[in-house]
$ cat data-v4.txt   # compact mmCIF, C-alpha atoms and all ligand atoms
# COMPACT_ATOMS: atom_id res chain seq x y z
CA LEU A 1 -6.77 -107.84 42.57
CA GLU A 2 -7.64 -105.85 45.68
CA ARG A 3 -6.81 -106.59 49.30
CA THR A 4 -8.75 -105.94 52.50
CA LEU A 5 -8.10 -106.48 56.21
CA ALA A 6 -10.42 -108.71 58.22
CA ILE A 7 -10.41 -109.21 61.99
CA LEU A 8 -12.26 -112.07 63.66
CA LYS A 9 -13.18 -110.35 66.90
CA PRO A 10 -13.03 -111.80 70.47
CA ASP A 11 -16.70 -112.92 70.38
CA CYS A 12 -15.93 -115.01 67.27
CA ILE A 13 -13.08 -116.74 69.10
CA ARG A 14 -15.15 -117.27 72.31
CA LYS A 15 -18.03 -118.80 70.34
CA ASN A 16 -15.71 -121.27 68.54
CA LEU A 17 -16.70 -119.82 65.17
CA ILE A 18 -13.26 -119.27 63.61
CA GLY A 19 -13.61 -122.24 61.24
CA LYS A 20 -17.18 -121.51 60.21
CA VAL A 21 -16.48 -117.84 59.49
CA ILE A 22 -13.31 -118.61 57.54
CA SER A 23 -15.21 -121.24 55.48
CA HIS A 24 -17.84 -118.63 54.68
CA ILE A 25 -15.12 -116.20 53.57
CA GLU A 26 -13.31 -118.77 51.38
CA GLU A 27 -16.57 -119.99 49.83
CA ALA A 28 -17.29 -116.39 48.81
CA GLY A 29 -14.12 -116.42 46.70
CA PHE A 30 -11.60 -114.65 48.93
CA LYS A 31 -8.00 -115.90 49.03
CA ILE A 32 -6.27 -115.72 52.41
CA VAL A 33 -2.95 -113.94 51.77
CA ALA A 34 -1.85 -113.69 55.43
CA LEU A 35 -3.30 -114.78 58.77
CA LYS A 36 -2.35 -114.67 62.45
CA MET A 37 -3.83 -114.87 65.93
CA LEU A 38 -2.87 -112.32 68.56
CA LYS A 39 -4.14 -110.45 71.59
CA LEU A 40 -4.44 -106.73 70.97
CA THR A 41 -2.92 -104.48 73.61
CA PRO A 42 -5.09 -101.55 74.75
CA GLU A 43 -2.63 -99.26 72.92
CA GLN A 44 -3.09 -101.20 69.67
CA ALA A 45 -6.88 -101.30 70.00
CA LYS A 46 -7.01 -97.55 70.70
CA ALA A 47 -4.79 -96.82 67.72
CA PHE A 48 -6.72 -99.13 65.41
CA TYR A 49 -10.04 -97.45 66.30
CA TYR A 50 -8.58 -93.93 66.61
CA VAL A 51 -11.27 -92.53 64.24
CA HIS A 52 -13.86 -93.46 66.87
CA ARG A 53 -12.01 -91.80 69.79
CA GLU A 54 -14.81 -89.25 70.36
CA LYS A 55 -17.65 -91.78 70.18
CA PRO A 56 -19.51 -92.77 73.35
CA PHE A 57 -18.78 -96.46 72.66
CA TYR A 58 -15.00 -96.01 72.23
CA SER A 59 -13.83 -97.26 75.66
CA ASP A 60 -16.28 -100.19 75.57
CA LEU A 61 -15.03 -101.02 72.09
CA VAL A 62 -11.39 -100.98 73.24
CA ASN A 63 -12.28 -103.19 76.23
CA PHE A 64 -14.16 -105.61 73.99
CA MET A 65 -11.42 -105.81 71.36
CA THR A 66 -8.83 -106.61 74.06
CA SER A 67 -11.06 -109.08 75.94
CA ASP A 68 -9.70 -112.13 74.11
CA LYS A 69 -7.50 -113.01 71.17
CA VAL A 70 -8.38 -111.96 67.62
CA VAL A 71 -7.52 -113.43 64.22
CA VAL A 72 -6.27 -110.91 61.66
CA MET A 73 -6.27 -111.77 57.96
CA VAL A 74 -5.42 -110.17 54.66
CA LEU A 75 -7.96 -111.22 52.02
CA GLU A 76 -7.59 -110.88 48.26
CA LYS A 77 -10.19 -110.79 45.50
CA GLU A 78 -11.48 -108.48 42.82
CA ASN A 79 -13.36 -105.67 44.60
CA ALA A 80 -12.32 -107.20 47.94
CA VAL A 81 -13.12 -104.19 50.15
CA ASN A 82 -16.72 -103.72 49.05
CA ASP A 83 -17.46 -107.40 48.52
CA PHE A 84 -16.23 -108.18 52.03
CA ARG A 85 -18.42 -105.43 53.53
CA GLU A 86 -21.36 -107.00 51.66
CA LEU A 87 -20.45 -110.46 52.95
CA ILE A 88 -20.28 -109.36 56.61
CA GLY A 89 -23.44 -107.20 56.58
CA ALA A 90 -24.48 -104.13 58.58
CA THR A 91 -22.71 -103.19 61.85
CA ASP A 92 -25.87 -104.05 63.80
CA PRO A 93 -26.82 -107.70 63.12
CA LYS A 94 -30.50 -106.75 63.48
CA GLU A 95 -30.08 -104.65 60.32
CA ALA A 96 -27.84 -107.10 58.46
CA LYS A 97 -29.19 -108.90 55.39
CA GLU A 98 -30.08 -112.61 55.49
CA GLY A 99 -27.07 -114.83 54.89
CA THR A 100 -24.45 -112.27 55.94
CA ILE A 101 -21.87 -113.30 58.56
CA ARG A 102 -23.16 -110.83 61.14
CA LYS A 103 -26.81 -111.87 60.56
CA LEU A 104 -25.81 -115.51 60.99
CA TYR A 105 -23.50 -115.23 63.99
CA ALA A 106 -23.43 -111.80 65.70
CA ASP A 107 -25.20 -110.93 68.96
CA ASN A 108 -25.31 -107.12 68.84
CA LYS A 109 -23.76 -104.03 67.25
CA GLN A 110 -20.65 -104.20 69.41
CA GLU A 111 -20.11 -107.97 69.50
CA ASN A 112 -20.45 -108.35 65.77
CA ILE A 113 -17.94 -111.13 65.02
CA VAL A 114 -15.87 -109.50 62.31
CA HIS A 115 -14.25 -106.29 61.08
CA GLY A 116 -13.66 -105.36 57.45
CA SER A 117 -11.82 -102.30 56.08
CA ASP A 118 -14.21 -99.63 54.82
CA SER A 119 -12.18 -98.28 51.86
CA PRO A 120 -9.17 -99.33 49.75
CA GLU A 121 -7.12 -96.52 51.36
CA ASN A 122 -7.96 -97.70 54.88
CA ALA A 123 -7.33 -101.31 53.84
CA LYS A 124 -3.71 -100.41 53.00
CA ILE A 125 -3.27 -98.61 56.34
CA GLU A 126 -4.90 -101.43 58.33
CA ILE A 127 -2.92 -104.16 56.54
CA SER A 128 0.37 -102.40 57.33
CA PHE A 129 -0.81 -101.98 60.96
CA PHE A 130 -0.62 -105.77 61.40
CA PHE A 131 1.59 -107.18 58.66
CA PRO A 132 5.13 -106.27 57.59
CA GLU A 133 5.87 -106.57 53.83
CA SER A 134 7.76 -109.82 54.48
CA GLU A 135 4.49 -111.51 55.58
CA LEU A 136 2.59 -110.35 52.51
CA ILE A 137 4.32 -112.21 49.69
P1 LIG B 1 -15.84 -102.50 61.60
O1 LIG B 1 -15.09 -101.19 61.45
O2 LIG B 1 -15.49 -103.24 62.88
O3 LIG B 1 -15.86 -103.36 60.39
P2 LIG B 1 -18.27 -101.13 61.03
O4 LIG B 1 -17.53 -100.38 59.99
O5 LIG B 1 -19.47 -101.90 60.64
O6 LIG B 1 -17.37 -102.13 61.83
P3 LIG B 1 -17.98 -98.80 62.70
O7 LIG B 1 -19.03 -97.77 62.71
O8 LIG B 1 -16.67 -98.53 62.01
O9 LIG B 1 -18.66 -100.16 62.19
O10 LIG B 1 -17.71 -99.20 64.21
C1 LIG B 1 -16.58 -99.99 64.55
C2 LIG B 1 -16.99 -101.00 65.58
O11 LIG B 1 -17.38 -100.32 66.78
C3 LIG B 1 -18.20 -101.86 65.22
O12 LIG B 1 -17.92 -102.96 64.43
C4 LIG B 1 -18.69 -102.28 66.59
O13 LIG B 1 -17.94 -103.36 67.11
C5 LIG B 1 -18.46 -101.02 67.40
N1 LIG B 1 -19.63 -100.13 67.41
C6 LIG B 1 -20.06 -99.33 66.40
N2 LIG B 1 -21.16 -98.66 66.75
C7 LIG B 1 -21.44 -99.03 68.02
C8 LIG B 1 -22.44 -98.67 68.97
N3 LIG B 1 -23.39 -97.77 68.67
N4 LIG B 1 -22.41 -99.28 70.16
C9 LIG B 1 -21.45 -100.16 70.49
N5 LIG B 1 -20.47 -100.53 69.65
C10 LIG B 1 -20.45 -99.98 68.44

$ encode --input "data-v4.txt" --output "structure tokens"
Amino acid sequence: LERTLAILKPDCIRKNLIGKVISHIEEAGFKIVALKMLKLTPEQAKAFYYVHREKPFYSDLVNFMTSDKVVVMVLEKENAVNDFRELIGATDPKEAKEGTIRKLYADNKQENIVHGSDSPENAKIEISFFFPESELI
């Protein structure tokens, strides 16, 4: 079985959608291996999105991701990384397929409810960013 990292972003928390989004994820066959709520520091948000440091939206993204608490989760399933990307839909909800989490709940390409790792290699890095081994049994 494969693991991926999901983040329910500040807009998800503000819109009281934690339960609905987690139901959607569980109904799609993902097991929640680990879960916690926390407020990212600017340093953590910058480090997490380091690959985007040159993008014009980077500072807005860091501000958004630190604007409220987030819920971070490790999800497990066969083909978890790709299946989760399918489940959440395109970055921009306007381009996301019907029935995807972003199509259902997201407002725009920044406030898009949820993050999912984009490769198995990045999933491992992102999981260890938030969870020590002792929380991953
Ligand atoms: P994530 O990595 O959060 O799952 P993603 O892989 O769909 O999203 P990326 O291109 O990696 O999208 O961008 C990371 C995040 O940065 C997006 O989820 C979104 O919140 C924000 N973002 C991406 N592109 C833009 C943009 N053009 N304008 C504003 N925010 C953006």

$ closest_residue --input "data-v4.txt" --among "A:Ala90, A:Leu136, A:Ala45, A:Ile101" --to "Leu75 of chain A" --atoms "all atoms listed in the file"
A:Leu136

$ residues_near_ligand --input "data-v4.txt" --ligand "ligand LIG 1 (chain B)" --cutoff "10 Å" --atoms "only C-alpha atoms and all ligand atoms" --output "MDAnalysis selection string"
chainID A and resid 5:9 48:49 51:52 55:62 64:65 84:85 88:93 102 108:119

$ atom_distance --input "data-v4.txt" --atom1 "atom CA of Thr4 of chain A" --atom2 "atom CA of Ser67 of chain A"
23.8 Å

$ atom_distance --input "data-v4.txt" --atom1 "atom CA of Val81 of chain A" --atom2 "atom CA of Glu27 of chain A"
16.2 Å

$ closest_residue --input "data-v4.txt" --among "A:Leu17, A:Ser134, A:Ala34, A:Pro120" --to "Asn79 of chain A" --atoms "only C-alpha atoms"
A:Pro120

$ atom_distance --input "data-v4.txt" --atom1 "atom CA of Val72 of chain A" --atom2 "atom CA of Asp107 of chain A"
20.3 Å

$ residues_around --input "data-v4.txt" --residues "Val33 of chain A" --least-positions-apart "5" --cutoff "9 Å" --atoms "all atoms listed in the file" --output "MDAnalysis selection string"
chainID A and resid 3 73:76 135:137

$ residues_near_point --input "data-v4.txt" --point "(-22.8, -117.1, 59.7)" --cutoff "10 Å" --atoms "all atoms listed in the file" --output "ChimeraX atom specification"
/A:17,20-25,87-88,98-106,113

$ write_last_selection --input "data-v4.txt" --atoms "C-alpha atoms" --output "CSV table (one decimal), in the coordinates of the input"
chain,number,residue,atom,x,y,z
A,17,LEU,CA,-16.7,-119.8,65.2
A,20,LYS,CA,-17.2,-121.5,60.2
A,21,VAL,CA,-16.5,-117.8,59.5
A,22,ILE,CA,-13.3,-118.6,57.5
A,23,SER,CA,-15.2,-121.2,55.5
A,24,HIS,CA,-17.8,-118.6,54.7
A,25,ILE,CA,-15.1,-116.2,53.6
A,87,LEU,CA,-20.4,-110.5,53.0
A,88,ILE,CA,-20.3,-109.4,56.6
A,98,GLU,CA,-30.1,-112.6,55.5
A,99,GLY,CA,-27.1,-114.8,54.9
A,100,THR,CA,-24.4,-112.3,55.9
A,101,ILE,CA,-21.9,-113.3,58.6
A,102,ARG,CA,-23.2,-110.8,61.1
A,103,LYS,CA,-26.8,-111.9,60.6
A,104,LEU,CA,-25.8,-115.5,61.0
A,105,TYR,CA,-23.5,-115.2,64.0
A,106,ALA,CA,-23.4,-111.8,65.7
A,113,ILE,CA,-17.9,-111.1,65.0

$ residues_around --input "data-v4.txt" --residues "Lys77 of chain A" --least-positions-apart "5" --cutoff "7 Å" --atoms "all atoms listed in the file" --output "VMD selection string"
chain A and resid 1 to 3 29 to 31

$ closest_residue --input "data-v4.txt" --among "A:Ile13, A:Ala47, A:Leu40, A:Ala28" --to "Glu126 of chain A" --atoms "all atoms listed in the file"
A:Ala47

$ closest_residue --input "data-v4.txt" --among "A:Val71, A:Phe129, A:Ala96, A:Glu86" --to "Leu35 of chain A" --atoms "all atoms listed in the file"
A:Val71
